[in-house]
Every structure is written in structure tokens, then in C-alpha cells.
Amino acid sequence: MATMVLTLDDKAAALGRVALFDGLERASLLPIADAATEVAFGDGDALVIQGQVGTGLFIVVSGAVRIVLSGEDVARLGPGDYLGELAVIDRQPRSASAFAVGDTTCLALASWDFFRRVDADPALAHALLRGLALRIRSLSEHHHH
Amino acid sequence: MADTEALIDELGGLALFADLPRPELAAVAHTFEEEWYADGQRILREGLSGTGFYVVLEGDVAVRITGEERARLHRGAFFGEGAILLGEPPGADVVAAGRVRVVNLAGPVFREFLMRHPDVMYRMLQEQTRRLRSANRWSR
């Protein structure tokens with residue numbers, strides 16, 4: 001499996017492309033980049049399993065991830081997409097499973113590292129609030145169409 | 001004019017502002033405007049610009065998307081934050097169901113308010129998470 005080795009700058013740049021962190025300054029991104037761990041998955045590897053308690057947020061850097069809800073494929077994520085943001089906030093079980101499609105590299109952020117940053121940086125909490133608002137809105141729109 | 005001390009007590013009893021120290025609650029009470037709406041009056045209009053962040057103090061409000069009721073919000077619930085955060089017009093009509101009392105913050109000062117009160121932001125994050133979970137869908 002090809003392994004990427006991301007520098008701090010690479011990680012910060014990857015985070016800067018994620019909608020969840022849209023509008024954040026480099027000064028807010030660097031500490032998150034520093035706390036983020038690069039994780040490589042092979043084809044079919046599980047990132048998270050529905051029903052298990054999650055401890056982190058994943059950001060797809062390369063490759064793809066399929067989201068499976070009760071046995072049914074419901075979404076496919078690519079570079080710049082993320083998952084696990086709800087579990088990070090409420091520490092409830094994962095609402096869906098996620099599996100790598102082909103060789104996939106992600107940045108993983110542990111809940112506690114992420115929340116230490118959110119506590120220290122209101123701009124990050126604000127970005128997160130916006131990211132969730134975007135998802136709430138897309139839900140009500142999908143509902144409608 | 002409602003007694004400010006009473007409003008501070010009232011705000012402190014809402015989940016959104018729970019655990020805030022009294023001086024911070026006083027700041028919230030001074031920043032927000034109190035408003036009353038009559039039954040059937042629209043507080044937010046779907047698709048129309050002009051936004052605000054609202055917290056329900058008394059009464060119920062109905063959330064309607066293209067005329068269809070999607071949710072009913074009660075005391076302590078908040079709405080209007082999505083449009084401000086996303087810089088878009090409101091995604092729903094919010095209509096008073098009976099007489100309603102709210103506190104309201106204008107869109108432009110909302111971000112500044114949140115940045116000064118991270119605890120409130122954290123409460124909002126928890127509530128958003130709850131809403132997304134209860135939708136029980138995956139959508140992107």
C-alpha cells in the first residue's frame with residue numbers, strides 16, 4: 001500500500017480545503033494539523049463501524065470512502081470530505097459505517113485533541129457551527145426534493 | 001419594559017445559556033432584544049433576506065418549509081442561526097403559534113456575540129448535533 005508522509009504544511013493545506021474549516025486562518029489550522037494523524041487504509045478497511053462509540057473525526061486526503069447505513073450504501077466521500085463530526089461532539093455511537101474504497105489516506109483527529117482546540121479557539125467552534133448548519137440545511141433541502 | 005433582573009433569571013433557566021455566570025447572562029440580556037408576536041405572525045420568512053437569531057421564551061413557533069409544517073419549537077429552542085452562519089436567506093418560515101415572546105439578536109452582531117461566548121456556541125453545537133442525529137440520515 002502506498003504510504004504518504006504528510007508534512008505539517010501538507011496537513012494544514014488539506015484541512016484548509018475542508019468545508020468544515022472554511023474561512024479559518026492558518027493560525028487556527030496549524031494546531032489542528034499538528035494534532036492530526038495520517039492514517040492509511042487498504043481497500044475495504046473500516047474507518048468506523050455503525051453503532052460503535054467513535055473517538056475521532058476523519059478527513060479524506062486521498063482515495064475514497066463509502067458510507068454504509070444499515071447495510072445500504074448511502075454516500076461516497078472523496079478528498080476534502082469528512083466524517084465523524086457528530087460523534088466528536090456528542091460521543092454517541094457512530095450513525096453509519098465507513099469503508100475505504102481502494103488505497104485511502106485520511107487525517108484522523110481524536111475527539112479530545114479536537115476539543116482542546118475548539119475550547120482554545122472560538123473561531124474553530126464557529127467554523128464547526130457553520131459546517132453543521134450546512135448539513136442541517138442540505139438535509140431539509142434533500143427532504144424536500 | 002420587562003425587568004432586566006427577571007430576564008437574566010429567565011435566560012439562565014434556558015439550556016442554551018445554562019451554566020453561564022451571572023455577569024455573562026447580564027451581557028446576554030443587554031445584547032438581545034425582547035420581542036412579542038401574535039398568533040400567525042411570521043418571525044422569519046423563507047427565502048427572504050433579513051435575518052436574526054431568536055430564542056423562544058414563551059409560546060410555540062411552527063417551522064414551515066413551502067407551507068408544510070416540519071417542526072414545532074418551544075421555550076428554550078433557538079432558530080435563525082443557519083441563515084446567518086451560511087449567509088443565506090432563511091430556509092423556512094417561522095410562524096408564531098399563539099402568542100410568542102422571543103429574544104432576538106440581529107445577524108451582523110451574532111458572530112461577534114458567539115466569539116465572546118464560546119460556551120453558548122458549544123451548546124449550539126450540541127443542539128445541532130442532536131438535530132442531525134434525530135434526522136437519522138446521511139446526507140452531504
# chains A, B, ... in the order shown; residues from 1 in each chain; ligands from 1
$ interface_residues --of "chain B" --to "chain A" --cutoff "10 Å" --atoms "only C-alpha atoms" --output "VMD selection string"
chain B and resid 65 to 66 70 81 to 87 90 to 92 111 114 to 119 121 to 122 124 to 133 135 to 140
$ select_by_dssp --residues "region 9-83 of chain B" --states "helix (DSSP H, G or I)" --output "ChimeraX atom specification"
/B:9-12,15-17,22-31,81-83
$ closest_residue --among "A:Leu24, A:Ala35, A:Val101, A:Val18" --to "Pro79 (chain A)" --atoms "only C-alpha atoms"
A:Val18
$ atom_distance --atom1 "CA of Asp39 (chain B)" --atom2 "CA of Val95 (chain B)"
7.9 Å
$ atom_distance --atom1 "CA of Val102 (chain B)" --atom2 "CA of Tyr54 (chain B)"
6.3 Å
$ residues_around --residues "Ala97 (chain B)" --least-positions-apart "5" --cutoff "12 Å" --atoms "only C-alpha atoms" --output "PyMOL selection string"
chain B and resi 36-43+56+58-64+69+71-74
$ write_last_selection --atoms "C-alpha atoms" --output "PDB file, in the first residue's frame"
ATOM      1  CA  TRP B  36     -43.610  39.719  21.044  1.00  0.00           C
ATOM      2  CA  TYR B  37     -45.505  38.124  18.174  1.00  0.00           C
ATOM      3  CA  ALA B  38     -49.218  37.497  17.739  1.00  0.00           C
ATOM      4  CA  ASP B  39     -50.684  34.168  16.633  1.00  0.00           C
ATOM      5  CA  GLY B  40     -49.941  33.550  12.937  1.00  0.00           C
ATOM      6  CA  GLN B  41     -47.347  36.298  12.633  1.00  0.00           C
ATOM      7  CA  ARG B  42     -44.218  35.394  10.694  1.00  0.00           C
ATOM      8  CA  ILE B  43     -40.958  35.825  12.596  1.00  0.00           C
ATOM      9  CA  VAL B  56     -38.122  31.299  22.336  1.00  0.00           C
ATOM     10  CA  GLU B  58     -42.786  31.907  25.825  1.00  0.00           C
ATOM     11  CA  GLY B  59     -45.199  30.167  23.481  1.00  0.00           C
ATOM     12  CA  ASP B  60     -44.630  27.899  20.484  1.00  0.00           C
ATOM     13  CA  VAL B  61     -43.449  28.565  16.947  1.00  0.00           C
ATOM     14  CA  ALA B  62     -44.080  26.482  13.826  1.00  0.00           C
ATOM     15  CA  VAL B  63     -41.281  25.868  11.304  1.00  0.00           C
ATOM     16  CA  ARG B  64     -42.713  25.635   7.789  1.00  0.00           C
ATOM     17  CA  GLU B  69     -45.066  22.314   8.938  1.00  0.00           C
ATOM     18  CA  ALA B  71     -41.312  21.186  13.384  1.00  0.00           C
ATOM     19  CA  ARG B  72     -42.714  22.968  16.381  1.00  0.00           C
ATOM     20  CA  LEU B  73     -40.333  24.723  18.739  1.00  0.00           C
ATOM     21  CA  HIS B  74     -40.984  25.519  22.367  1.00  0.00           C
TER      22      HIS B  74
END
$ residues_around --residues "region 9-13 of chain A" --least-positions-apart "2" --cutoff "7 Å" --atoms "only C-alpha atoms" --output "NGL selection string"
:A and (6-7 or 15-17 or 29-30 or 33)
$ residues_around --residues "Pro23 (chain B)" --least-positions-apart "6" --cutoff "12 Å" --atoms "only C-alpha atoms" --output "PyMOL selection string"
chain B and resi 5+8-9+12+29-30+117
$ closest_residue --among "B:Gly76, B:Glu112, B:Ser134, B:Leu44" --to "Ala96 (chain B)" --atoms "only C-alpha atoms"
B:Leu44
$ select_by_dssp --residues "region 4-69 of chain B" --states "strand (DSSP E or B)" --output "PDB file with N, CA and C atoms, in the first residue's frame"
ATOM      1  N   GLU B  33     -32.648  41.696  22.054  1.00  0.00           N
ATOM      2  CA  GLU B  33     -33.882  42.491  22.111  1.00  0.00           C
ATOM      3  C   GLU B  33     -35.041  41.554  22.409  1.00  0.00           C
ATOM      4  N   GLU B  34     -35.940  42.010  23.259  1.00  0.00           N
ATOM      5  CA  GLU B  34     -37.128  41.206  23.549  1.00  0.00           C
ATOM      6  C   GLU B  34     -38.223  41.579  22.538  1.00  0.00           C
ATOM      7  N   GLU B  35     -38.935  40.595  22.012  1.00  0.00           N
ATOM      8  CA  GLU B  35     -39.998  40.870  21.034  1.00  0.00           C
ATOM      9  C   GLU B  35     -41.202  39.975  21.296  1.00  0.00           C
ATOM     10  N   TRP B  36     -42.363  40.487  20.918  1.00  0.00           N
ATOM     11  CA  TRP B  36     -43.610  39.719  21.044  1.00  0.00           C
ATOM     12  C   TRP B  36     -44.222  39.529  19.663  1.00  0.00           C
ATOM     13  N   TYR B  37     -44.813  38.396  19.445  1.00  0.00           N
ATOM     14  CA  TYR B  37     -45.505  38.124  18.174  1.00  0.00           C
ATOM     15  C   TYR B  37     -46.901  37.597  18.460  1.00  0.00           C
ATOM     16  N   ARG B  42     -45.474  36.005  11.127  1.00  0.00           N
ATOM     17  CA  ARG B  42     -44.218  35.394  10.694  1.00  0.00           C
ATOM     18  C   ARG B  42     -43.029  36.085  11.344  1.00  0.00           C
ATOM     19  N   ILE B  43     -42.156  35.286  11.938  1.00  0.00           N
ATOM     20  CA  ILE B  43     -40.958  35.825  12.596  1.00  0.00           C
ATOM     21  C   ILE B  43     -39.795  35.819  11.595  1.00  0.00           C
ATOM     22  N   LEU B  44     -39.674  34.714  10.845  1.00  0.00           N
ATOM     23  CA  LEU B  44     -38.697  34.631   9.753  1.00  0.00           C
ATOM     24  C   LEU B  44     -39.435  34.204   8.488  1.00  0.00           C
ATOM     25  N   GLY B  52     -32.084  37.063  11.631  1.00  0.00           N
ATOM     26  CA  GLY B  52     -31.820  37.291  13.034  1.00  0.00           C
ATOM     27  C   GLY B  52     -31.737  35.951  13.732  1.00  0.00           C
ATOM     28  N   PHE B  53     -31.160  35.974  14.904  1.00  0.00           N
ATOM     29  CA  PHE B  53     -31.093  34.775  15.734  1.00  0.00           C
ATOM     30  C   PHE B  53     -32.120  34.941  16.847  1.00  0.00           C
ATOM     31  N   TYR B  54     -32.955  33.929  17.063  1.00  0.00           N
ATOM     32  CA  TYR B  54     -34.055  34.025  18.011  1.00  0.00           C
ATOM     33  C   TYR B  54     -34.019  32.885  19.026  1.00  0.00           C
ATOM     34  N   VAL B  55     -34.390  33.216  20.246  1.00  0.00           N
ATOM     35  CA  VAL B  55     -34.572  32.198  21.271  1.00  0.00           C
ATOM     36  C   VAL B  55     -35.989  32.363  21.818  1.00  0.00           C
ATOM     37  N   VAL B  56     -36.731  31.251  21.871  1.00  0.00           N
ATOM     38  CA  VAL B  56     -38.122  31.299  22.336  1.00  0.00           C
ATOM     39  C   VAL B  56     -38.163  31.373  23.866  1.00  0.00           C
ATOM     40  N   LEU B  57     -38.861  32.371  24.388  1.00  0.00           N
ATOM     41  CA  LEU B  57     -39.026  32.487  25.842  1.00  0.00           C
ATOM     42  C   LEU B  57     -40.394  31.999  26.297  1.00  0.00           C
ATOM     43  N   GLU B  58     -41.411  32.299  25.470  1.00  0.00           N
ATOM     44  CA  GLU B  58     -42.786  31.907  25.825  1.00  0.00           C
ATOM     45  C   GLU B  58     -43.525  31.566  24.556  1.00  0.00           C
ATOM     46  N   GLY B  59     -44.372  30.533  24.628  1.00  0.00           N
ATOM     47  CA  GLY B  59     -45.199  30.167  23.481  1.00  0.00           C
ATOM     48  C   GLY B  59     -44.488  29.194  22.555  1.00  0.00           C
ATOM     49  N   ASP B  60     -45.157  28.862  21.461  1.00  0.00           N
ATOM     50  CA  ASP B  60     -44.630  27.899  20.484  1.00  0.00           C
ATOM     51  C   ASP B  60     -44.503  28.569  19.124  1.00  0.00           C
ATOM     52  N   VAL B  61     -43.536  28.108  18.331  1.00  0.00           N
ATOM     53  CA  VAL B  61     -43.449  28.565  16.947  1.00  0.00           C
ATOM     54  C   VAL B  61     -43.458  27.350  16.024  1.00  0.00           C
ATOM     55  N   ALA B  62     -44.037  27.548  14.831  1.00  0.00           N
ATOM     56  CA  ALA B  62     -44.080  26.482  13.826  1.00  0.00           C
ATOM     57  C   ALA B  62     -43.036  26.783  12.766  1.00  0.00           C
ATOM     58  N   VAL B  63     -42.270  25.740  12.378  1.00  0.00           N
ATOM     59  CA  VAL B  63     -41.281  25.868  11.304  1.00  0.00           C
ATOM     60  C   VAL B  63     -41.911  25.277  10.049  1.00  0.00           C
ATOM     61  N   ARG B  64     -42.053  26.092   9.011  1.00  0.00           N
ATOM     62  CA  ARG B  64     -42.713  25.635   7.789  1.00  0.00           C
ATOM     63  C   ARG B  64     -41.798  25.809   6.598  1.00  0.00           C
ATOM     64  N   ILE B  65     -41.706  24.772   5.783  1.00  0.00           N
ATOM     65  CA  ILE B  65     -40.964  24.875   4.536  1.00  0.00           C
ATOM     66  C   ILE B  65     -41.963  24.715   3.399  1.00  0.00           C
ATOM     67  N   GLU B  68     -45.428  23.709   4.451  1.00  0.00           N
ATOM     68  CA  GLU B  68     -45.651  22.461   5.193  1.00  0.00           C
ATOM     69  C   GLU B  68     -44.938  22.521   6.545  1.00  0.00           C
ATOM     70  N   GLU B  69     -45.682  22.241   7.606  1.00  0.00           N
ATOM     71  CA  GLU B  69     -45.066  22.314   8.938  1.00  0.00           C
ATOM     72  C   GLU B  69     -44.091  21.162   9.147  1.00  0.00           C
TER      73      GLU B  69
END
$ closest_residue --among "B:Val120, B:Val94, B:Val109, B:Ala26" --to "Gly47 (chain B)" --atoms "only C-alpha atoms"
B:Val94
$ atom_distance --atom1 "CA of Asp19 (chain B)" --atom2 "CA of Phe110 (chain B)"
20.0 Å
$ decode --residues "region 2-28 of chain A" --atoms "C-alpha atoms" --output "CSV table (one decimal), in the first residue's frame"
chain,number,residue,atom,x,y,z
A,2,ALA,CA,1.3,3.4,-0.9
A,3,THR,CA,2.1,5.5,2.1
A,4,MET,CA,2.0,9.2,2.1
A,5,VAL,CA,4.0,11.1,4.6
A,6,LEU,CA,2.4,14.5,5.1
A,7,THR,CA,4.3,17.4,6.5
A,8,LEU,CA,2.6,19.9,8.8
A,9,ASP,CA,2.1,22.2,5.9
A,10,ASP,CA,0.6,19.4,3.8
A,11,LYS,CA,-1.8,18.7,6.6
A,12,ALA,CA,-2.8,22.3,7.1
A,13,ALA,CA,-3.3,22.7,3.4
A,14,ALA,CA,-5.5,19.6,3.4
A,15,LEU,CA,-7.6,20.9,6.3
A,16,GLY,CA,-7.9,24.3,4.6
A,17,ARG,CA,-9.8,22.5,1.7
A,18,VAL,CA,-12.4,21.0,4.0
A,19,ALA,CA,-15.8,22.8,4.1
A,20,LEU,CA,-15.9,22.2,7.9
A,21,PHE,CA,-12.9,24.5,8.3
A,22,ASP,CA,-13.9,27.0,5.7
A,23,GLY,CA,-12.8,30.6,6.4
A,24,LEU,CA,-10.3,29.6,9.1
A,25,GLU,CA,-7.0,31.4,9.2
A,26,ARG,CA,-3.8,29.4,9.0
A,27,ALA,CA,-3.2,30.2,12.7
A,28,SER,CA,-6.3,28.3,13.6
